[in-house]
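Student: Following this line is structure.cif, made up of mmCIF, C-alpha atoms and all ligand atoms:
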data_upload
loop_
_atom_site.label_atom_id
_atom_site.label_comp_id
_atom_site.auth_asym_id
_atom_site.auth_seq_id
_atom_site.Cartn_x
_atom_site.Cartn_y
_atom_site.Cartn_z
CA MET A 9 9.13 -42.93 -43.57
CA SER A 10 10.58 -45.97 -45.31
CA GLY A 11 8.92 -47.87 -48.14
CA THR A 12 8.06 -51.57 -48.45
CA ARG A 13 10.01 -53.85 -50.76
CA ILE A 14 9.73 -57.49 -51.72
CA ALA A 15 12.96 -58.90 -50.32
CA GLY A 16 12.30 -62.57 -51.18
CA ILE A 17 9.79 -64.51 -53.23
CA GLY A 18 8.97 -68.19 -53.70
CA PHE A 19 6.26 -70.54 -54.87
CA HIS A 20 5.35 -74.17 -54.56
CA VAL A 21 2.82 -76.29 -56.43
CA PRO A 22 1.98 -79.96 -55.79
CA GLU A 23 3.71 -82.53 -57.99
CA ARG A 24 0.53 -84.13 -59.30
CA VAL A 25 -0.43 -82.76 -62.73
CA VAL A 26 -4.10 -83.14 -63.69
CA THR A 27 -4.76 -82.65 -67.39
CA ASN A 28 -8.07 -81.65 -68.97
CA GLU A 29 -8.23 -85.17 -70.36
CA GLU A 30 -8.20 -86.58 -66.82
CA LEU A 31 -11.18 -84.39 -65.87
CA THR A 32 -13.23 -85.92 -68.71
CA ARG A 33 -13.25 -89.19 -66.72
CA TRP A 34 -15.31 -87.58 -63.97
CA MET A 35 -17.57 -85.10 -65.80
CA ASP A 36 -19.00 -84.27 -69.18
CA THR A 37 -16.37 -81.90 -70.52
CA THR A 38 -13.67 -81.79 -73.20
CA ASP A 39 -10.12 -80.56 -73.52
CA GLU A 40 -11.30 -78.33 -76.41
CA TRP A 41 -14.02 -76.64 -74.30
CA ILE A 42 -11.68 -75.96 -71.38
CA VAL A 43 -8.83 -74.65 -73.54
CA GLU A 44 -11.11 -72.47 -75.68
CA ARG A 45 -13.07 -70.94 -72.76
CA THR A 46 -10.31 -70.67 -70.15
CA GLY A 47 -6.88 -71.26 -71.72
CA ILE A 48 -6.17 -73.94 -69.11
CA HIS A 49 -4.38 -77.15 -70.17
CA GLU A 50 -3.57 -78.61 -66.78
CA ARG A 51 -3.52 -77.84 -63.07
CA ARG A 52 -1.94 -79.32 -59.93
CA TYR A 53 -3.77 -81.24 -57.18
CA VAL A 54 -2.44 -82.07 -53.74
CA LYS A 55 -1.81 -85.51 -52.31
CA LYS A 56 -5.03 -86.00 -50.36
CA PHE A 57 -4.70 -85.64 -46.58
CA GLU A 58 -0.94 -85.04 -46.87
CA GLU A 59 -0.68 -81.59 -48.43
CA THR A 60 -2.80 -78.64 -47.28
CA PRO A 61 -2.76 -74.87 -47.84
CA ALA A 62 -0.52 -74.54 -44.76
CA THR A 63 2.00 -77.15 -45.95
CA LEU A 64 2.12 -75.74 -49.51
CA ALA A 65 2.55 -72.29 -48.01
CA ALA A 66 5.41 -73.49 -45.81
CA GLN A 67 7.30 -74.75 -48.87
CA ALA A 68 6.81 -71.48 -50.74
CA ALA A 69 7.66 -69.46 -47.63
CA ALA A 70 10.91 -71.36 -47.03
CA ILE A 71 12.11 -70.31 -50.50
CA ALA A 72 11.04 -66.68 -49.99
CA ILE A 73 12.73 -66.54 -46.58
CA GLU A 74 15.99 -67.95 -47.94
CA ARG A 75 15.96 -65.54 -50.88
CA ALA A 76 15.39 -62.64 -48.49
CA GLY A 77 18.59 -63.67 -46.68
CA ILE A 78 16.88 -64.07 -43.32
CA THR A 79 15.82 -67.00 -41.16
CA LYS A 80 12.33 -68.06 -40.12
CA ASP A 81 12.98 -66.59 -36.68
CA ASP A 82 13.34 -63.12 -38.19
CA ILE A 83 9.69 -63.20 -39.32
CA ASP A 84 7.70 -60.89 -37.05
CA PHE A 85 4.29 -61.10 -38.74
CA ILE A 86 2.48 -63.59 -40.97
CA ILE A 87 -0.37 -62.73 -43.32
CA PHE A 88 -2.13 -65.70 -44.89
CA ALA A 89 -4.64 -65.26 -47.71
CA THR A 90 -6.79 -68.25 -48.65
CA LEU A 91 -10.40 -69.22 -49.35
CA SER A 92 -9.69 -72.91 -48.78
CA PRO A 93 -8.22 -73.03 -45.27
CA ASP A 94 -7.10 -76.24 -43.58
CA TYR A 95 -9.75 -75.72 -40.89
CA PHE A 96 -12.89 -73.64 -40.46
CA PHE A 97 -10.91 -72.20 -37.54
CA PRO A 98 -8.23 -71.52 -36.42
CA GLY A 99 -6.91 -69.81 -39.54
CA CYS A 100 -3.94 -70.85 -41.62
CA GLY A 101 -1.63 -68.14 -40.29
CA VAL A 102 -0.92 -69.99 -37.06
CA LEU A 103 -0.73 -73.33 -38.89
CA LEU A 104 1.95 -71.89 -41.16
CA GLN A 105 3.78 -70.53 -38.14
CA ARG A 106 3.78 -74.05 -36.69
CA GLU A 107 4.80 -75.65 -40.02
CA LEU A 108 7.76 -73.31 -40.25
CA GLY A 109 8.75 -73.99 -36.65
CA ILE A 110 8.45 -70.35 -35.61
CA THR A 111 8.09 -70.67 -31.86
CA LYS A 112 8.47 -67.03 -30.79
CA THR A 113 5.10 -65.73 -29.69
CA GLU A 114 5.98 -62.12 -30.60
CA CYS A 115 5.17 -63.15 -34.16
CA GLY A 116 1.58 -62.20 -35.05
CA ALA A 117 -0.54 -64.11 -37.55
CA LEU A 118 -3.44 -62.71 -39.57
CA ASP A 119 -5.79 -64.49 -41.94
CA ILE A 120 -7.28 -62.77 -44.95
CA ARG A 121 -10.47 -63.98 -46.61
CA ASN A 122 -10.64 -61.96 -49.77
CA GLN A 123 -10.52 -64.78 -52.28
CA CYS A 124 -8.89 -63.76 -55.60
CA SER A 125 -7.80 -60.35 -54.33
CA GLY A 126 -6.46 -61.76 -51.03
CA PHE A 127 -2.82 -61.27 -51.97
CA ILE A 128 -3.34 -57.61 -52.92
CA TYR A 129 -5.31 -56.94 -49.74
CA GLY A 130 -2.55 -58.67 -47.76
CA LEU A 131 0.12 -56.62 -49.51
CA SER A 132 -1.74 -53.44 -48.66
CA VAL A 133 -2.00 -54.39 -44.97
CA ALA A 134 1.67 -55.40 -44.84
CA ASP A 135 2.69 -52.16 -46.53
CA GLN A 136 0.97 -50.10 -43.81
CA PHE A 137 2.58 -52.18 -41.03
CA ILE A 138 6.06 -51.78 -42.55
CA LYS A 139 5.68 -48.08 -43.30
CA SER A 140 4.47 -47.40 -39.76
CA GLY A 141 7.58 -49.14 -38.43
CA MET A 142 5.59 -51.80 -36.59
CA TYR A 143 7.18 -54.80 -38.34
CA LYS A 144 10.44 -55.44 -40.24
CA ASN A 145 9.96 -58.87 -41.83
CA ILE A 146 6.45 -59.74 -42.87
CA LEU A 147 5.72 -63.07 -44.50
CA LEU A 148 2.76 -62.75 -46.86
CA VAL A 149 1.41 -65.89 -48.52
CA GLY A 150 -1.46 -66.86 -50.75
CA ALA A 151 -2.20 -70.59 -50.77
CA GLU A 152 -5.10 -72.70 -51.95
CA VAL A 153 -6.19 -76.31 -52.06
CA HIS A 154 -9.26 -76.29 -54.28
CA SER A 155 -9.11 -79.92 -55.28
CA MET A 156 -10.43 -81.11 -51.91
CA GLY A 157 -13.63 -79.07 -52.24
CA LEU A 158 -14.86 -79.06 -55.82
CA ASP A 159 -17.90 -80.71 -57.38
CA PHE A 160 -16.33 -83.10 -59.87
CA SER A 161 -19.68 -84.16 -61.29
CA THR A 162 -21.04 -82.56 -64.47
CA ARG A 163 -23.15 -80.24 -62.30
CA GLY A 164 -20.02 -78.48 -61.06
CA ARG A 165 -18.02 -78.49 -64.28
CA ASN A 166 -18.14 -74.73 -64.97
CA VAL A 167 -16.26 -74.17 -61.68
CA SER A 168 -14.22 -77.32 -61.16
CA VAL A 169 -12.31 -77.22 -64.45
CA ILE A 170 -10.92 -73.80 -63.62
CA PHE A 171 -9.33 -74.19 -60.20
CA GLY A 172 -5.99 -75.61 -59.11
CA ASP A 173 -3.83 -75.91 -56.00
CA GLY A 174 -0.66 -73.98 -55.15
CA ALA A 175 1.06 -71.40 -52.97
CA GLY A 176 3.15 -68.27 -53.39
CA ALA A 177 4.97 -66.27 -50.73
CA VAL A 178 6.87 -63.02 -50.30
CA VAL A 179 8.96 -61.53 -47.52
CA LEU A 180 8.34 -57.80 -47.15
CA GLN A 181 10.90 -55.48 -45.60
CA PRO A 182 11.43 -51.74 -45.19
CA THR A 183 13.54 -49.94 -47.78
CA ASP A 184 15.06 -46.47 -47.61
CA LYS A 185 15.95 -46.41 -51.28
CA PRO A 186 13.95 -43.49 -52.74
CA GLY A 187 11.18 -44.62 -55.10
CA GLN A 188 11.71 -48.34 -54.45
CA GLY A 189 9.00 -50.75 -53.28
CA VAL A 190 5.21 -50.58 -53.09
CA LEU A 191 4.12 -47.29 -54.67
CA ASN A 192 0.45 -47.71 -53.85
CA THR A 193 -2.38 -50.20 -53.40
CA LYS A 194 -6.03 -49.70 -54.35
CA LEU A 195 -8.72 -51.81 -52.72
CA HIS A 196 -12.41 -52.10 -53.60
CA SER A 197 -15.43 -54.19 -52.75
CA ASN A 198 -19.11 -54.54 -53.62
CA GLY A 199 -21.10 -56.94 -51.47
CA THR A 200 -24.24 -56.64 -53.62
CA TYR A 201 -23.12 -59.65 -55.60
CA ALA A 202 -21.72 -61.75 -52.75
CA GLU A 203 -23.49 -64.93 -53.86
CA LYS A 204 -22.48 -64.68 -57.54
CA LEU A 205 -19.31 -66.60 -56.70
CA ALA A 206 -19.60 -68.27 -53.33
CA LEU A 207 -19.53 -71.35 -51.19
CA ILE A 208 -22.67 -70.95 -49.09
CA SER A 209 -22.61 -73.93 -46.75
CA PRO A 210 -21.50 -74.94 -44.26
CA GLY A 211 -21.80 -71.53 -42.67
CA SER A 212 -23.38 -69.94 -39.66
CA HIS A 213 -26.27 -68.60 -41.74
CA SER A 214 -27.72 -72.11 -41.95
CA GLY A 215 -27.06 -72.85 -38.31
CA TYR A 216 -24.98 -75.18 -36.19
CA HIS A 217 -27.89 -76.25 -34.01
CA ASN A 218 -31.30 -77.66 -34.69
CA ARG A 219 -33.17 -74.49 -33.93
CA HIS A 220 -35.25 -71.83 -35.65
CA ILE A 221 -33.14 -69.59 -37.87
CA PRO A 222 -34.09 -65.88 -37.90
CA GLU A 223 -35.39 -64.85 -41.31
CA ALA A 224 -32.79 -62.14 -41.70
CA VAL A 225 -31.06 -63.51 -44.75
CA ASP A 226 -32.88 -64.88 -47.77
CA TYR A 227 -30.74 -67.11 -49.93
CA GLY A 228 -33.70 -68.41 -51.89
CA TYR A 229 -34.47 -71.48 -49.82
CA ASP A 230 -36.23 -72.15 -46.56
CA HIS A 231 -33.66 -72.69 -43.82
CA ASN A 232 -35.97 -74.58 -41.55
CA THR A 233 -37.75 -76.97 -43.86
CA ASP A 234 -35.16 -77.33 -46.64
CA LEU A 235 -32.02 -77.45 -44.55
CA GLY A 236 -33.34 -78.69 -41.26
CA GLY A 237 -31.21 -76.21 -39.31
CA THR A 238 -28.39 -78.68 -38.71
CA PHE A 239 -24.80 -78.19 -39.73
CA VAL A 240 -24.50 -80.25 -42.92
CA THR A 241 -27.59 -81.99 -44.17
CA GLN A 242 -28.13 -84.47 -46.95
CA LYS A 243 -30.23 -81.78 -48.65
CA MET A 244 -27.28 -79.38 -48.65
CA LEU A 245 -25.08 -82.06 -50.18
CA ASP A 246 -27.70 -83.07 -52.74
CA ASP A 247 -28.26 -79.45 -53.77
CA GLY A 248 -24.53 -78.85 -54.12
CA LEU A 249 -24.58 -76.13 -51.47
CA CYS A 250 -21.32 -77.41 -50.01
CA PHE A 251 -19.52 -76.67 -53.27
CA PRO A 252 -18.53 -73.34 -54.77
CA THR A 253 -21.01 -71.97 -57.31
CA MET A 254 -20.48 -69.21 -59.84
CA ASP A 255 -22.46 -67.18 -62.32
CA GLY A 256 -19.50 -67.33 -64.71
CA GLN A 257 -20.72 -64.89 -67.35
CA PHE A 258 -21.66 -62.25 -64.77
CA VAL A 259 -18.29 -62.56 -63.02
CA PHE A 260 -16.52 -62.44 -66.37
CA LYS A 261 -18.22 -59.19 -67.42
CA MET A 262 -17.48 -57.51 -64.09
CA ALA A 263 -13.86 -58.68 -64.19
CA ILE A 264 -13.04 -57.19 -67.58
CA GLN A 265 -14.54 -53.89 -66.44
CA LYS A 266 -12.88 -53.71 -63.00
CA PHE A 267 -9.36 -54.91 -63.89
CA PRO A 268 -8.53 -51.99 -66.24
CA GLU A 269 -10.42 -49.50 -64.06
CA VAL A 270 -8.43 -50.25 -60.90
CA ILE A 271 -5.09 -50.36 -62.74
CA GLN A 272 -5.77 -46.96 -64.28
CA GLU A 273 -6.76 -45.67 -60.83
CA ALA A 274 -3.45 -46.82 -59.31
CA LEU A 275 -1.44 -45.44 -62.24
CA HIS A 276 -3.25 -42.11 -62.09
CA GLN A 277 -2.55 -41.70 -58.38
CA ALA A 278 1.14 -42.50 -58.91
CA GLY A 279 1.39 -40.08 -61.86
CA LEU A 280 2.22 -42.97 -64.21
CA GLN A 281 0.81 -44.44 -67.42
CA VAL A 282 0.22 -47.89 -68.86
CA SER A 283 3.32 -47.40 -71.02
CA ASP A 284 5.40 -47.16 -67.81
CA ILE A 285 4.46 -50.72 -66.77
CA ASN A 286 7.32 -53.17 -67.34
CA MET A 287 5.43 -56.23 -66.13
CA PHE A 288 1.73 -56.72 -65.48
CA ILE A 289 0.77 -59.70 -63.33
CA PRO A 290 -3.00 -60.20 -63.43
CA HIS A 291 -4.74 -62.62 -61.09
CA GLN A 292 -5.00 -65.77 -63.18
CA ALA A 293 -8.80 -66.04 -63.37
CA ASN A 294 -9.21 -67.06 -66.99
CA LEU A 295 -6.78 -66.54 -69.88
CA ARG A 296 -9.56 -64.85 -71.88
CA ILE A 297 -10.00 -62.28 -69.10
CA SER A 298 -6.24 -61.56 -68.99
CA GLN A 299 -6.12 -61.23 -72.78
CA MET A 300 -9.11 -58.88 -72.91
CA VAL A 301 -7.64 -56.72 -70.14
CA GLN A 302 -4.32 -56.70 -71.99
CA ARG A 303 -6.06 -55.54 -75.17
CA LEU A 304 -8.03 -52.85 -73.34
CA LEU A 305 -4.82 -51.54 -71.76
CA ARG A 306 -2.91 -51.93 -75.07
CA LEU A 307 -0.08 -53.78 -73.34
CA PRO A 308 2.38 -55.66 -75.55
CA ASP A 309 2.74 -59.43 -74.99
CA GLU A 310 6.16 -59.15 -73.34
CA ARG A 311 4.71 -56.97 -70.55
CA ILE A 312 2.17 -59.42 -69.19
CA TRP A 313 2.75 -62.75 -67.44
CA ASN A 314 0.19 -65.55 -67.68
CA ASN A 315 0.65 -69.09 -66.38
CA ILE A 316 -2.96 -70.21 -65.91
CA GLN A 317 -2.31 -72.66 -68.76
CA LYS A 318 -0.18 -74.78 -66.35
CA TYR A 319 -1.73 -74.17 -62.95
CA GLY A 320 -5.37 -73.18 -63.48
CA ASN A 321 -6.84 -70.49 -61.26
CA THR A 322 -5.14 -70.72 -57.86
CA THR A 323 -7.12 -67.78 -56.40
CA ALA A 324 -5.09 -66.02 -53.65
CA ALA A 325 -1.94 -67.85 -54.75
CA SER A 326 -2.08 -66.94 -58.43
CA ILE A 327 -0.42 -63.50 -58.24
CA PRO A 328 2.58 -64.50 -56.08
CA ILE A 329 3.09 -67.68 -58.16
CA ALA A 330 3.03 -65.72 -61.44
CA LEU A 331 5.17 -62.91 -60.01
CA CYS A 332 7.74 -65.44 -58.80
CA GLU A 333 7.85 -67.21 -62.15
CA ALA A 334 8.28 -63.91 -64.00
CA TRP A 335 11.07 -62.90 -61.60
CA GLU A 336 12.80 -66.30 -61.94
CA ALA A 337 12.62 -65.94 -65.72
CA GLY A 338 14.49 -62.61 -65.44
CA LYS A 339 11.45 -60.62 -66.59
CA VAL A 340 11.27 -58.53 -63.42
CA LYS A 341 14.44 -56.57 -62.74
CA GLU A 342 15.54 -53.88 -60.32
CA GLY A 343 13.91 -50.56 -61.17
CA ASP A 344 11.05 -52.16 -63.14
CA LEU A 345 7.48 -51.03 -62.58
CA VAL A 346 5.34 -54.07 -61.74
CA ALA A 347 1.55 -53.83 -61.73
CA LEU A 348 -0.59 -56.39 -59.92
CA ALA A 349 -4.39 -56.58 -60.19
CA ALA A 350 -7.12 -58.96 -59.12
CA PHE A 351 -10.89 -59.33 -59.18
CA GLY A 352 -13.05 -62.03 -57.67
CA SER A 353 -15.61 -63.29 -55.19
CA GLY A 354 -17.10 -60.73 -52.86
CA PHE A 355 -16.84 -58.92 -55.16
CA THR A 356 -13.49 -57.61 -54.07
CA TRP A 357 -10.82 -56.25 -56.37
CA GLY A 358 -7.65 -54.24 -56.19
CA ALA A 359 -4.32 -53.26 -57.71
CA ALA A 360 -0.79 -52.61 -56.54
CA LEU A 361 2.13 -50.83 -58.17
CA ILE A 362 5.63 -51.88 -57.14
CA ARG A 363 8.96 -50.36 -58.17
CA TRP A 364 11.21 -53.45 -57.99
O1 LIG B 401 -11.06 -66.08 -60.13
C1 LIG B 401 -12.33 -65.78 -59.66
C2 LIG B 401 -13.12 -65.08 -60.64
N1 LIG B 401 -13.65 -66.02 -61.61
C3 LIG B 401 -13.67 -65.69 -62.87
O2 LIG B 401 -13.20 -64.66 -63.23
C4 LIG B 401 -14.36 -66.64 -63.83
C5 LIG B 401 -15.18 -65.86 -64.80
N2 LIG B 401 -15.97 -66.69 -65.71
C6 LIG B 401 -15.43 -67.56 -66.58
O3 LIG B 401 -14.24 -67.74 -66.62
C7 LIG B 401 -16.35 -68.26 -67.53
O4 LIG B 401 -17.66 -67.75 -67.38
C8 LIG B 401 -16.39 -69.80 -67.40
C9 LIG B 401 -15.09 -70.38 -67.89
C10 LIG B 401 -16.62 -70.19 -65.95
C11 LIG B 401 -17.51 -70.39 -68.23
O5 LIG B 401 -17.36 -70.03 -69.56
P1 LIG B 401 -18.59 -69.40 -70.36
O6 LIG B 401 -18.11 -69.18 -71.71
O7 LIG B 401 -19.09 -68.21 -69.59
O8 LIG B 401 -19.64 -70.58 -70.33
P2 LIG B 401 -21.12 -70.62 -69.72
O9 LIG B 401 -21.07 -70.75 -68.24
O10 LIG B 401 -21.93 -69.53 -70.31
O11 LIG B 401 -21.65 -71.99 -70.32
C12 LIG B 401 -21.78 -72.18 -71.74
C13 LIG B 401 -22.13 -73.63 -71.98
C14 LIG B 401 -23.29 -74.12 -71.13
O12 LIG B 401 -24.03 -75.06 -71.88
P3 LIG B 401 -25.37 -74.63 -72.65
O13 LIG B 401 -26.31 -74.14 -71.58
O14 LIG B 401 -24.98 -73.55 -73.61
O15 LIG B 401 -25.79 -75.90 -73.30
C15 LIG B 401 -22.62 -74.84 -69.99
O16 LIG B 401 -23.42 -75.85 -69.44
O17 LIG B 401 -21.02 -74.46 -71.65
C16 LIG B 401 -21.43 -75.45 -70.71
N3 LIG B 401 -20.31 -75.75 -69.82
C17 LIG B 401 -19.39 -76.66 -70.11
N4 LIG B 401 -19.26 -77.51 -71.13
C18 LIG B 401 -18.21 -78.35 -71.12
C19 LIG B 401 -19.99 -75.14 -68.66
N5 LIG B 401 -18.87 -75.69 -68.18
C20 LIG B 401 -18.48 -76.63 -69.05
C21 LIG B 401 -17.39 -77.52 -69.09
N6 LIG B 401 -17.29 -78.35 -70.16
N7 LIG B 401 -16.44 -77.56 -68.14
#
As structure tokens - that is how I would like this structure written.
Tutor:
Amino acid sequence: MSGTRIAGIGFHVPERVVTNEELTRWMDTTDEWIVERTGIHERRYVKKFEETPATLAAQAAAIAIERAGITKDDIDFIIFATLSPDYFFPGCGVLLQRELGITKTECGALDIRNQCSGFIYGLSVADQFIKSGMYKNILLVGAEVHSMGLDFSTRGRNVSVIFGDGAGAVVLQPTDKPGQGVLNTKLHSNGTYAEKLALISPGSHSGYHNRHIPEAVDYGYDHNTDLGGTFVTQKMLDDGLCFPTMDGQFVFKMAIQKFPEVIQEALHQAGLQVSDINMFIPHQANLRISQMVQRLLRLPDERIWNNIQKYGNTTAASIPIALCEAWEAGKVKEGDLVALAAFGSGFTWGAALIRW
């Protein structure tokens, strides 16, 4: 059975740079607070109504496809990870297919909704498809447009200062070179804390029709009287239910526990150690999280890549963007052991080890 290698990689971020200073015009925050608590200096935002996750993804994908030495028509499967899709449905996979001008219908498209760990989940799925021989050129992307859906008032400041827009893409192909490619992937989830980092409405739980909602799910408010049972109500908007909310400290504590745990799990299974890692690419959640994980793993500075300072947290896109930057900077070379890890909403988390 062949392995799965990354044959091409690319990323694309919108041109518009939004500094911390710019955010202070809309909410009560400061550059000092954001830098001290998150490490972020600036992020990118799309041109409203012109750029979307699918269009950002298409730009990143075009680079990855070219670097893989193939054409768009060679792609036989698309996996698209995002929490901020263009539409509620259909998913972004088919929109990316259309953006790229892939007209062959033999190409499948799958959407992944695993938030921060979406890229690692997607990599794991792609790896199984390649190893089974089902597909030969899988395009895996992570792309997000957060800026169109954040609460830019002071109420939403703990979330909105963190997130940014961007896309990263890889082309995955079989390899027969012994030891090369994806060594393993480890996936985890714990739905107990689903609402600790979530965007609750609109969603089917609050109903599309003006009818009685079964009392199966208790989110702490009365569906019928508070929300009226319609799709989006003024009450939902006033209560901020249409924006993402996060219990930041809770998520933070879980993240610094789960990141090292899942990396050690992957290393253990592969018979490797932290000292074997040449480059660690953590999901860019918060620079303080990455630094704590680095300390816990005792990884030297030159073996970790962080770019949250420039792009903020781009959720499913953050790992492929950081991996691409590290590769472009010559920090990921053939034969290197690359470790990827992510933790986020769900909670879902995971790790992947790749021999480049
Ligand atoms: O990628 C998905 C996974 N997400 C994460 O991993 C994020 C994990 N969590 C975090 O990164 C951090 O919890 C945050 C950066 C979100 C928040 O940092 P924190 O140090 O945990 O702050 P906090 O939420 O405990 O808030 C501390 C104070 C509060 O004020 P009081 O109650 O002490 O007066 C907040 O209201 O900071 C206030 N605050 C802000 N002040 C200025 C919260 N956000 C801001 C802000 N600017 N943007």
Student: Determine the nearest neighbour of Ala76 (chain A) from the options A:Ala293, A:Leu180, A:Asp159, A:Glu107, counting only C-alpha atoms.
Tutor: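 The shortest atom-to-atom distance to Ala76 (chain A) comes from A:Leu180.
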Student: Determine, counting only C-alpha atoms, which protein, DNA and RNA residues have an atom within 9 Å of an atom of Ile329 (chain A); residues of the same chain fewer than 2 positions away are not included. Present the result as a list in words.
Tutor: Ile17, Gly18, Phe19, His20, Val21, Gly150, Gly174, Ala175, Gly176, Ala177, Asn315, Thr322, Ala325, Ser326, Ile327, Leu331, Cys332, Glu333 and Ala334 of chain A
Student: Select from chain A every residue with an atom at most 8 Å from any atom of ligand LIG 401 (chain B), then for each give the shortest pair of atoms and their distance in Å to one decimal, using all atoms listed in the file, rows by chain and rising number, as a Markdown table.
Tutor:
| residue | atom | partner | partner_atom | distance |
| --- | --- | --- | --- | --- |
| A:Met35 | CA | B:LIG401 | N7 | 8.0 |
| A:Asp36 | CA | B:LIG401 | N6 | 6.2 |
| A:Thr37 | CA | B:LIG401 | N6 | 3.7 |
| A:Thr38 | CA | B:LIG401 | N6 | 5.8 |
| A:Trp41 | CA | B:LIG401 | C18 | 5.5 |
| A:Ile42 | CA | B:LIG401 | N7 | 6.0 |
| A:Arg45 | CA | B:LIG401 | C9 | 5.3 |
| A:Thr46 | CA | B:LIG401 | C9 | 5.3 |
| A:Gln123 | CA | B:LIG401 | C1 | 7.7 |
| A:Cys124 | CA | B:LIG401 | O1 | 5.5 |
| A:Thr162 | CA | B:LIG401 | N7 | 7.7 |
| A:Gly164 | CA | B:LIG401 | N5 | 7.7 |
| A:Arg165 | CA | B:LIG401 | N7 | 4.3 |
| A:Asn166 | CA | B:LIG401 | N5 | 3.4 |
| A:Val167 | CA | B:LIG401 | C10 | 5.8 |
| A:Ser168 | CA | B:LIG401 | N7 | 7.3 |
| A:Val169 | CA | B:LIG401 | N7 | 5.5 |
| A:Ile170 | CA | B:LIG401 | C9 | 6.9 |
| A:Leu205 | CA | B:LIG401 | C2 | 7.5 |
| A:Met254 | CA | B:LIG401 | C10 | 7.3 |
| A:Asp255 | CA | B:LIG401 | O4 | 7.0 |
| A:Gly256 | CA | B:LIG401 | O4 | 3.3 |
| A:Gln257 | CA | B:LIG401 | O4 | 4.2 |
| A:Phe258 | CA | B:LIG401 | N2 | 7.3 |
| A:Val259 | CA | B:LIG401 | C5 | 4.9 |
| A:Phe260 | CA | B:LIG401 | C5 | 4.0 |
| A:Lys261 | CA | B:LIG401 | C5 | 7.8 |
| A:Ala263 | CA | B:LIG401 | O2 | 6.1 |
| A:His291 | CA | B:LIG401 | O1 | 7.3 |
| A:Gln292 | CA | B:LIG401 | O1 | 6.8 |
| A:Ala293 | CA | B:LIG401 | O1 | 4.0 |
| A:Asn294 | CA | B:LIG401 | O3 | 5.1 |
| A:Arg296 | CA | B:LIG401 | O3 | 7.6 |
| A:Ile297 | CA | B:LIG401 | O2 | 7.1 |
| A:Asn321 | CA | B:LIG401 | O1 | 6.2 |
| A:Thr322 | CA | B:LIG401 | O1 | 7.9 |
| A:Thr323 | CA | B:LIG401 | O1 | 5.7 |
| A:Phe351 | CA | B:LIG401 | C2 | 6.3 |
| A:Gly352 | CA | B:LIG401 | C2 | 4.3 |
| A:Ser353 | CA | B:LIG401 | C1 | 6.1 |
Student: Taking into account only C-alpha atoms, which residue in the set A:Ala360, A:Ile110, A:Ile312, A:Leu191 is nearest to Ile289 (chain A)?
Tutor: A:Ile312
Student: Find the distance between CA of Lys185 (chain A) and CA of Asp284 (chain A) and write it in Å to one decimal.
Tutor: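 Between CA of Lys185 (chain A) and CA of Asp284 (chain A) the gap works out to 19.6 Å.
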Student: Using all atoms listed in the file, which protein or nucleic acid residues come within 8 Å of Met287 (chain A)? Drop anything in the same chain fewer than 3 positions from it, and give the result as JSON, numbers by chain.
Tutor: {"A": [310, 311, 312, 313, 339, 340, 344, 345, 346, 347]}
Student: Determine the nearest neighbour of Leu307 (chain A) from the options A:Phe97, A:Tyr53, A:Phe288, A:Phe355, counting only C-alpha atoms.
Tutor: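 Result for the nearest residue to Leu307 (chain A): A:Phe288.
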Student: Would you compute the distance between CA of Arg306 (chain A) and CA of His196 (chain A)? Give it in Å to one decimal.
Tutor: 23.5 Å
